[in-house]
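Undergrad: Hey, dropping query.tsv in here, TSV, C-alpha atoms:
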```
chain	number	residue	atom	x	y	z
A	17	MET	CA	-51.05	113.16	-143.86
A	18	GLU	CA	-52.01	109.66	-142.76
A	19	PRO	CA	-48.97	107.74	-141.47
A	20	ASN	CA	-50.77	104.44	-141.96
A	21	GLN	CA	-51.36	105.20	-145.60
A	22	ILE	CA	-47.71	106.08	-146.07
A	23	GLU	CA	-46.74	102.77	-144.50
A	24	GLU	CA	-49.14	100.97	-146.83
A	25	ILE	CA	-47.64	102.74	-149.81
A	26	LYS	CA	-44.16	101.69	-148.69
A	27	VAL	CA	-45.24	98.07	-148.49
A	28	MET	CA	-47.01	98.25	-151.85
A	29	ILE	CA	-43.95	99.75	-153.49
A	30	GLU	CA	-41.85	96.90	-152.14
A	31	GLU	CA	-44.36	94.40	-153.49
A	32	MET	CA	-44.35	96.13	-156.85
A	33	ILE	CA	-40.56	95.96	-157.09
A	34	ALA	CA	-40.46	92.36	-155.87
A	35	SER	CA	-43.05	91.29	-158.43
A	36	GLN	CA	-41.25	92.87	-161.33
A	37	LYS	CA	-40.36	90.30	-163.89
A	38	ASP	CA	-36.87	90.00	-165.22
A	39	PRO	CA	-37.31	90.68	-168.95
A	40	HIS	CA	-34.54	88.23	-169.72
A	41	GLN	CA	-36.05	85.11	-168.20
A	42	SER	CA	-39.37	83.43	-167.54
A	43	GLU	CA	-40.99	83.84	-164.14
A	44	SER	CA	-39.26	80.70	-162.92
A	45	ILE	CA	-36.27	78.83	-164.29
A	46	ALA	CA	-36.39	76.07	-161.68
A	47	GLU	CA	-36.61	73.33	-164.29
A	48	LEU	CA	-34.46	74.98	-166.90
A	49	ALA	CA	-31.50	75.57	-164.58
A	50	PRO	CA	-30.69	71.90	-163.74
A	51	ALA	CA	-31.33	70.84	-167.34
A	52	PHE	CA	-28.93	73.52	-168.57
A	53	ALA	CA	-26.31	72.44	-166.02
A	54	LYS	CA	-26.55	68.85	-167.25
A	55	ALA	CA	-26.35	69.94	-170.87
A	56	GLN	CA	-23.26	72.03	-170.24
A	57	SER	CA	-21.51	69.09	-168.63
A	58	ILE	CA	-21.69	67.18	-171.91
A	59	TYR	CA	-20.91	69.96	-174.38
A	60	LYS	CA	-18.47	68.84	-177.03
A	61	ASN	CA	-15.32	70.82	-177.53
A	62	VAL	CA	-15.58	73.51	-180.14
A	63	GLY	CA	-12.44	74.48	-181.98
A	64	TYR	CA	-11.60	76.90	-184.75
A	65	ASN	CA	-12.71	75.60	-188.12
A	66	ARG	CA	-12.47	78.70	-190.31
A	67	GLU	CA	-9.87	81.26	-191.23
A	68	ASN	CA	-10.36	84.93	-191.78
A	69	PRO	CA	-7.80	85.85	-194.47
A	70	PHE	CA	-8.40	89.55	-193.96
A	71	PHE	CA	-7.53	89.56	-190.28
A	72	LYS	CA	-5.27	86.48	-190.61
A	73	SER	CA	-7.12	84.92	-187.72
A	74	GLN	CA	-9.02	81.75	-187.00
A	75	TYR	CA	-12.57	81.43	-185.76
A	76	ALA	CA	-15.33	78.91	-185.17
A	77	ASP	CA	-18.34	79.54	-187.40
A	78	LEU	CA	-21.91	79.42	-186.11
A	79	ASN	CA	-22.38	75.89	-187.39
A	80	ALA	CA	-19.34	74.64	-185.48
A	81	VAL	CA	-20.46	76.48	-182.36
A	82	LEU	CA	-23.96	74.99	-182.44
A	83	ASN	CA	-22.81	71.51	-183.49
A	84	GLY	CA	-20.83	71.33	-180.27
A	85	VAL	CA	-23.91	71.81	-178.11
A	86	ARG	CA	-26.96	70.77	-180.11
A	87	ASP	CA	-27.07	67.16	-178.87
A	88	ALA	CA	-26.37	68.14	-175.29
A	89	LEU	CA	-29.19	70.68	-175.31
A	90	SER	CA	-31.66	68.43	-177.05
A	91	GLN	CA	-30.95	65.47	-174.75
A	92	ASN	CA	-31.92	67.69	-171.84
A	93	GLY	CA	-35.10	69.12	-173.30
A	94	LEU	CA	-33.50	72.39	-174.30
A	95	SER	CA	-33.72	74.24	-177.59
A	96	PHE	CA	-32.02	77.39	-178.76
A	97	TYR	CA	-33.21	79.97	-181.24
A	98	GLN	CA	-32.47	83.49	-182.30
A	99	TYR	CA	-34.59	86.18	-183.87
A	100	THR	CA	-34.41	89.85	-184.70
A	101	GLU	CA	-36.69	92.58	-183.49
A	102	ILE	CA	-36.93	96.30	-184.05
A	103	CYS	CA	-36.48	98.30	-180.86
A	104	PRO	CA	-39.52	100.62	-180.73
A	105	LYS	CA	-37.59	103.29	-178.83
A	106	THR	CA	-34.47	103.55	-180.97
A	107	ASP	CA	-35.54	101.91	-184.24
A	108	SER	CA	-32.39	99.80	-184.11
A	109	VAL	CA	-32.35	96.08	-184.83
A	110	LEU	CA	-31.94	93.79	-181.84
A	111	LEU	CA	-30.81	90.20	-181.93
A	112	LYS	CA	-32.49	88.08	-179.30
A	113	SER	CA	-31.00	84.71	-178.38
A	114	ARG	CA	-33.26	82.47	-176.40
A	115	LEU	CA	-32.75	79.16	-174.61
A	116	LEU	CA	-36.03	77.34	-174.18
A	117	HIS	CA	-36.82	74.37	-171.94
A	118	SER	CA	-39.52	71.78	-172.60
A	119	SER	CA	-41.34	73.10	-169.49
A	120	GLY	CA	-41.81	76.43	-171.28
A	121	GLN	CA	-39.21	78.18	-169.13
A	122	TRP	CA	-36.62	80.33	-170.90
A	123	ILE	CA	-33.70	82.70	-170.58
A	124	GLN	CA	-32.54	85.17	-173.21
A	125	SER	CA	-29.91	87.70	-174.07
A	126	VAL	CA	-30.31	90.75	-176.26
A	127	ALA	CA	-27.72	92.52	-178.40
A	128	LYS	CA	-28.01	95.55	-180.62
A	129	LEU	CA	-26.81	95.06	-184.18
A	130	LEU	CA	-24.37	97.71	-185.36
A	131	PRO	CA	-23.72	97.22	-189.09
A	132	PRO	CA	-20.85	99.43	-190.31
A	133	LYS	CA	-22.83	100.41	-193.41
A	134	ASN	CA	-26.51	100.82	-194.12
A	135	ASP	CA	-26.93	98.07	-196.69
A	136	GLN	CA	-28.15	94.49	-196.71
A	137	GLN	CA	-24.69	92.90	-197.07
A	138	SER	CA	-23.40	94.79	-194.09
A	139	PHE	CA	-26.48	93.86	-192.10
A	140	GLY	CA	-26.11	90.19	-193.11
A	141	SER	CA	-22.51	89.89	-192.05
A	142	THR	CA	-23.15	91.76	-188.79
A	143	LEU	CA	-26.06	89.46	-188.08
A	144	SER	CA	-23.97	86.32	-188.70
A	145	TYR	CA	-21.20	87.63	-186.48
A	146	GLN	CA	-23.57	88.63	-183.72
A	147	ARG	CA	-25.52	85.37	-183.91
A	148	ARG	CA	-22.29	83.49	-183.25
A	149	TYR	CA	-21.34	85.61	-180.27
A	150	GLY	CA	-24.94	85.68	-179.03
A	151	ALA	CA	-25.03	81.86	-179.02
A	152	MET	CA	-21.64	81.59	-177.31
A	153	THR	CA	-22.57	84.12	-174.64
A	154	LEU	CA	-25.97	82.73	-173.75
A	155	LEU	CA	-24.99	79.07	-173.93
A	156	GLY	CA	-21.65	79.49	-172.17
A	157	ILE	CA	-19.58	78.11	-175.02
A	158	THR	CA	-15.84	78.56	-175.07
A	159	ILE	CA	-13.63	77.99	-178.07
A	160	SER	CA	-10.73	75.65	-177.50
A	161	GLY	CA	-7.46	77.11	-178.64
A	162	ASP	CA	-8.60	80.64	-177.97
A	163	THR	CA	-5.35	82.44	-177.21
A	164	THR	CA	-7.12	84.50	-174.58
A	165	ASP	CA	-8.25	81.36	-172.81
A	166	ASP	CA	-6.34	79.56	-170.08
A	167	ASP	CA	-4.08	76.53	-170.34
A	168	GLY	CA	-6.79	74.17	-169.15
A	169	GLU	CA	-8.91	75.10	-172.11
A	170	HIS	CA	-5.96	75.03	-174.43
A	171	THR	CA	-5.55	71.29	-173.91
A	172	ARG	CA	-9.08	70.74	-175.19
A	173	LYS	CA	-8.48	71.80	-178.78
A	174	ASN	CA	-10.98	70.15	-181.00
A	175	TYR	CA	-8.64	69.91	-183.92
A	176	GLU	CA	-6.42	67.57	-181.94
A	177	GLU	CA	-6.61	64.10	-183.31
A	178	THR	CA	-8.72	61.76	-181.26
A	179	LEU	CA	-8.38	57.99	-180.78
A	180	THR	CA	-8.59	55.75	-183.83
A	181	ASP	CA	-11.21	53.02	-183.89
A	182	THR	CA	-8.54	50.41	-183.10
A	183	GLN	CA	-7.27	52.44	-180.14
A	184	THR	CA	-10.83	52.96	-178.89
A	185	THR	CA	-11.45	49.21	-179.06
A	186	LYS	CA	-8.20	48.49	-177.21
A	187	LEU	CA	-9.09	51.03	-174.58
A	188	LEU	CA	-12.61	49.65	-174.10
A	189	ASN	CA	-11.17	46.13	-173.78
A	190	MET	CA	-8.76	47.37	-171.18
A	191	ILE	CA	-11.55	49.14	-169.28
A	192	ASP	CA	-13.52	45.90	-169.42
A	193	GLY	CA	-16.93	47.46	-168.73
A	194	ASP	CA	-15.78	49.28	-165.60
A	195	GLN	CA	-18.40	52.07	-165.61
A	196	ASP	CA	-16.65	54.06	-162.86
A	197	MET	CA	-13.51	54.07	-164.94
A	198	ILE	CA	-15.43	55.25	-168.02
A	199	ASN	CA	-17.17	58.00	-166.06
A	200	ASN	CA	-13.85	59.07	-164.64
A	201	LEU	CA	-12.31	59.38	-168.11
A	202	LEU	CA	-15.32	61.27	-169.47
A	203	SER	CA	-15.14	63.65	-166.57
A	204	VAL	CA	-11.37	64.19	-166.77
A	205	PHE	CA	-11.41	64.91	-170.51
A	206	LYS	CA	-14.83	66.62	-170.45
A	207	ILE	CA	-16.07	64.47	-173.32
A	208	ASP	CA	-19.16	62.35	-173.87
A	209	HIS	CA	-17.45	59.27	-175.31
A	210	VAL	CA	-14.04	57.71	-174.75
A	211	SER	CA	-13.33	57.87	-178.50
A	212	TYR	CA	-12.91	61.67	-178.08
A	213	ILE	CA	-9.82	61.21	-175.92
A	214	PRO	CA	-6.87	62.93	-177.65
A	215	LYS	CA	-4.73	60.45	-179.58
A	216	LYS	CA	-1.54	61.59	-177.92
A	217	MET	CA	-2.99	60.67	-174.52
A	218	PHE	CA	-3.68	57.07	-175.53
A	219	ASP	CA	-0.49	55.49	-174.12
A	220	GLY	CA	-0.74	57.43	-170.88
A	221	VAL	CA	-4.38	56.50	-170.37
A	222	MET	CA	-3.72	52.81	-171.12
A	223	ARG	CA	-0.83	52.82	-168.64
A	224	LYS	CA	-2.94	54.49	-166.01
A	225	ILE	CA	-5.74	51.96	-166.38
A	226	LYS	CA	-3.30	49.07	-166.28
A	227	ASP	CA	-1.68	50.43	-163.11
A	228	SER	CA	-5.04	50.88	-161.45
A	229	LYS	CA	-5.95	47.23	-161.86
B	15	MET	CA	-48.98	109.74	-184.07
B	16	ALA	CA	-47.00	108.57	-181.09
B	17	ASN	CA	-47.25	104.95	-180.16
B	18	ILE	CA	-49.68	104.93	-177.24
B	19	GLU	CA	-48.39	101.64	-175.92
B	20	ALA	CA	-44.85	103.05	-175.86
B	21	ILE	CA	-46.06	106.14	-173.96
B	22	ILE	CA	-47.84	103.98	-171.37
B	23	ASN	CA	-44.82	101.72	-170.98
B	24	ASN	CA	-42.61	104.74	-170.62
B	25	LYS	CA	-44.79	106.15	-167.86
B	26	LEU	CA	-44.88	102.79	-166.09
B	27	GLU	CA	-41.10	102.63	-166.29
B	28	GLN	CA	-40.86	106.09	-164.75
B	29	PHE	CA	-43.31	105.02	-162.05
B	30	THR	CA	-41.23	101.96	-161.21
B	31	ARG	CA	-38.02	103.95	-161.25
B	32	LEU	CA	-39.48	106.42	-158.77
B	33	GLY	CA	-40.69	103.49	-156.67
B	34	LYS	CA	-37.17	102.09	-156.54
B	35	ILE	CA	-35.73	105.45	-155.53
B	36	ALA	CA	-38.42	105.80	-152.86
B	37	LYS	CA	-37.54	102.37	-151.49
B	38	GLN	CA	-33.87	103.35	-151.27
B	39	ILE	CA	-34.46	106.51	-149.28
B	40	GLN	CA	-37.61	105.75	-147.33
B	41	ASN	CA	-35.82	104.98	-144.07
B	42	LYS	CA	-33.11	107.60	-144.38
B	43	ARG	CA	-33.07	110.63	-142.15
B	44	GLY	CA	-33.51	114.06	-143.68
B	45	LYS	CA	-35.08	112.69	-146.85
B	46	LYS	CA	-38.71	113.07	-145.81
B	47	GLU	CA	-39.44	115.97	-148.14
B	48	LEU	CA	-37.73	114.32	-151.06
B	49	LEU	CA	-39.69	111.15	-150.38
B	50	GLN	CA	-42.96	113.11	-150.35
B	51	ASN	CA	-42.04	114.67	-153.69
B	52	ILE	CA	-41.30	111.24	-155.13
B	53	TYR	CA	-44.66	109.96	-153.94
B	54	LYS	CA	-46.30	113.00	-155.53
B	55	GLY	CA	-44.46	112.26	-158.77
B	56	MET	CA	-45.75	108.71	-158.64
B	57	ALA	CA	-49.27	109.98	-157.92
B	58	LYS	CA	-49.05	112.28	-160.94
B	59	ILE	CA	-48.15	109.36	-163.17
B	60	ALA	CA	-50.99	107.33	-161.66
B	61	ILE	CA	-53.38	110.19	-162.48
B	62	ASP	CA	-51.99	110.47	-166.03
B	63	LEU	CA	-52.70	106.79	-166.51
B	64	GLU	CA	-56.17	106.86	-164.97
B	65	LEU	CA	-57.92	106.58	-168.33
B	66	VAL	CA	-56.12	103.35	-169.16
B	67	LYS	CA	-55.90	101.99	-165.63
B	68	ASP	CA	-58.08	98.95	-166.36
B	69	VAL	CA	-55.72	97.79	-169.07
B	70	ILE	CA	-52.73	98.35	-166.80
B	71	PHE	CA	-54.28	96.58	-163.81
B	72	ASP	CA	-55.07	93.58	-166.01
B	73	GLN	CA	-51.38	93.20	-166.75
B	74	HIS	CA	-50.04	94.45	-163.40
B	75	PRO	CA	-52.65	93.59	-160.76
B	76	ASN	CA	-50.43	94.72	-157.89
B	77	LEU	CA	-50.41	98.28	-159.20
B	78	GLY	CA	-54.13	98.82	-158.59
B	79	PRO	CA	-54.05	99.39	-154.81
B	80	LEU	CA	-50.84	101.40	-155.07
B	81	PHE	CA	-52.30	103.74	-157.70
B	82	GLU	CA	-55.43	104.20	-155.62
B	83	SER	CA	-53.56	104.93	-152.39
B	84	LEU	CA	-51.24	107.42	-154.06
B	85	ILE	CA	-54.12	109.21	-155.77
B	86	GLU	CA	-56.16	109.27	-152.59
B	87	LEU	CA	-53.31	110.69	-150.57
B	88	TYR	CA	-51.69	113.09	-153.01
B	89	GLY	CA	-54.28	113.43	-155.78
B	90	PRO	CA	-55.91	116.67	-154.55
B	91	GLU	CA	-52.56	118.39	-154.14
B	92	VAL	CA	-51.12	117.11	-157.45
B	93	ARG	CA	-54.30	117.97	-159.38
B	94	GLY	CA	-54.31	121.44	-157.88
B	95	GLN	CA	-50.76	122.18	-159.00
```
As structure tokens, how would this structure be written, given the file I've shared?

TA:
Amino acid sequence: MEPNQIEEIKVMIEEMIASQKDPHQSESIAELAPAFAKAQSIYKNVGYNRENPFFKSQYADLNAVLNGVRDALSQNGLSFYQYTEICPKTDSVLLKSRLLHSSGQWIQSVAKLLPPKNDQQSFGSTLSYQRRYGAMTLLGITISGDTTDDDGEHTRKNYEETLTDTQTTKLLNMIDGDQDMINNLLSVFKIDHVSYIPKKMFDGVMRKIKDSK
Amino acid sequence: MANIEAIINNKLEQFTRLGKIAKQIQNKRGKKELLQNIYKGMAKIAIDLELVKDVIFDQHPNLGPLFESLIELYGPEVRGQ
């Protein structure tokens, strides 16, 4: 036995492990990561927009989920797509959700589809359901008003009425072009335009701005 | 007919798994024999994949020297088993 060769093998094994690619992301995500962080900071609130009469529950459909993030992603060079693939080992259908950056970098998540019955309708509804959850998981989307969510999220319900045009105009007049003030409001309410401030907060916000002047 | 690509991938996965186990125990006392057996297992996989090694090394260049070292060191013993 050659001790040197054993040492070489040890080093080579370490190199092999270190060089292994993560199958769920591109070799580097150095450009994708900051772009994704920026996109997430300007996500719109997503609230329930559909009802499930069978379970007597509310949910946000895929369209509502993606509408809340599409602009934010696109403004930061990000796109999102999903596709199905047959797993060669198990023959099951996999749903792959992928976030792609304009640099070519990407991250993805994979979920196995488990239709309750072996027919097309069952497959279709399972796919729709899984696509929604796949998008929410990969993109980090939360649904406002989710009873399992915390109080901070609860205040961000999308179905809350937002400022009217008149109120928005009044508010903008009051702000008088103060960009710091605008940025502060956008950050506090986690919105991308002051018109998305909840209507019931209007008086409080106006008072606050007035006091700060 | 079995999917050849799947068989190769499966063997490469086994090889990597053994490599990870080897890394975990390589500096532990009393595990020398186990470590040797793991290296032999890796050498056996390297020998099994010898016919397609060019294809593998194209995709995984870092495996070439490792395969060669393992085969050189343990090949005679593994082949004789």

Undergrad: Would you mind listing what lies within 9 Å of Lys26 of chain A as a PyMOL selection string, with only C-alpha atoms counted and same-chain residues fewer than 5 positions away left out?

TA: (chain A and resi 21+31) or (chain B and resi 33+36-37+40)

Undergrad: What does the distance between atom CA of Tyr88 of chain B and atom CA of Ser35 of chain A come to in Å, to one decimal place?

TA: 24.1 Å

Undergrad: Taking only C-alpha atoms into account, what are the residues of chain B at most 9 Å from chain A, put as a list in words?

TA: Asn17, Ala20, Thr30, Gly33, Lys34, Ala36, Lys37, Gln40, Tyr53, His74, Asn76, Leu77, Pro79, Leu80, Ser83, Leu84 and Leu87 of chain B

Undergrad: List as a short mmCIF file (atom, residue, chain, number, x, y, z; two decimals) with C-alpha atoms, in the coordinates of the input the protein and nucleic acid residues near segment 148-153 of chain A, meaning an atom at most 9 Å away when all atoms listed in the file are counted, but skip any in the same chain fewer than 6 places from it.

TA:
```
data_model
loop_
_atom_site.label_atom_id
_atom_site.label_comp_id
_atom_site.auth_asym_id
_atom_site.auth_seq_id
_atom_site.Cartn_x
_atom_site.Cartn_y
_atom_site.Cartn_z
CA ALA A 76 -15.33 78.91 -185.17
CA ASP A 77 -18.34 79.54 -187.40
CA LEU A 78 -21.91 79.42 -186.11
CA ASN A 79 -22.38 75.89 -187.39
CA VAL A 81 -20.46 76.48 -182.36
CA LEU A 82 -23.96 74.99 -182.44
CA PHE A 96 -32.02 77.39 -178.76
CA TYR A 97 -33.21 79.97 -181.24
CA GLN A 98 -32.47 83.49 -182.30
CA LEU A 111 -30.81 90.20 -181.93
CA LYS A 112 -32.49 88.08 -179.30
CA SER A 113 -31.00 84.71 -178.38
CA ARG A 114 -33.26 82.47 -176.40
CA SER A 125 -29.91 87.70 -174.07
CA VAL A 126 -30.31 90.75 -176.26
CA ALA A 127 -27.72 92.52 -178.40
CA ILE A 159 -13.63 77.99 -178.07
#
```

Undergrad: What's the separation between atom CA of Gln56 of chain A and atom CA of Thr158 of chain A, in Å to one decimal place?

TA: 11.0 Å

Undergrad: What separation in Å, quoted to one decimal, exists between atom CA of Glu47 of chain B and atom CA of Ile61 of chain B?

TA: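 Calculated distance between atom CA of Glu47 of chain B and atom CA of Ile61 of chain B is 20.8 Å.
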
Undergrad: Compare A:Ser228, A:Ser108, A:Thr182, A:Gln74 by their minimum atom-to-atom distance to Met197 of chain A, counting only C-alpha atoms, and give me the closest one.

TA: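 Looking at the shortest contact to Met197 of chain A, the residue is A:Ser228.
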
Undergrad: Could you check which of A:Leu201, A:Met222, A:Val85, A:Leu154 is closest to Ser57 of chain A, using all atoms listed in the file?

TA: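 So, comparing all the options, the nearest one is A:Val85.
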
Undergrad: From the options B:Gly94, B:Ile35, B:Glu27, B:Ile22, which residue's atoms come nearest to Leu49 of chain B, counting all atoms listed in the file?

TA: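 Ranked by minimum distance to Leu49 of chain B, first place goes to B:Ile35.
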
Undergrad: In terms of the shortest atom-to-atom distance over all atoms listed in the file, which of A:Ile45, A:Ala80, A:Leu129, A:Met190 is closest to Cys103 of chain A?

TA: A:Leu129

Undergrad: For Gln73 of chain B, find every residue with an atom within 12 Å (counting only C-alpha atoms), except residues of its own chain fewer than 2 positions away, and show them as a ChimeraX atom specification.

TA: /A:35-37 /B:23,26,66-71,75-78

Undergrad: Restricting the output to C-alpha atoms, write the selected residues as a PDB file, in the frame of the given file.

TA:
```pdb
ATOM      1  CA  SER A  35     -43.050  91.290-158.430  1.00  0.00           C
ATOM      2  CA  GLN A  36     -41.250  92.870-161.330  1.00  0.00           C
ATOM      3  CA  LYS A  37     -40.360  90.300-163.890  1.00  0.00           C
TER       4      LYS A  37
ATOM      5  CA  ASN B  23     -44.820 101.720-170.980  1.00  0.00           C
ATOM      6  CA  LEU B  26     -44.880 102.790-166.090  1.00  0.00           C
ATOM      7  CA  VAL B  66     -56.120 103.350-169.160  1.00  0.00           C
ATOM      8  CA  LYS B  67     -55.900 101.990-165.630  1.00  0.00           C
ATOM      9  CA  ASP B  68     -58.080  98.950-166.360  1.00  0.00           C
ATOM     10  CA  VAL B  69     -55.720  97.790-169.070  1.00  0.00           C
ATOM     11  CA  ILE B  70     -52.730  98.350-166.800  1.00  0.00           C
ATOM     12  CA  PHE B  71     -54.280  96.580-163.810  1.00  0.00           C
ATOM     13  CA  PRO B  75     -52.650  93.590-160.760  1.00  0.00           C
ATOM     14  CA  ASN B  76     -50.430  94.720-157.890  1.00  0.00           C
ATOM     15  CA  LEU B  77     -50.410  98.280-159.200  1.00  0.00           C
ATOM     16  CA  GLY B  78     -54.130  98.820-158.590  1.00  0.00           C
TER      17      GLY B  78
END
```
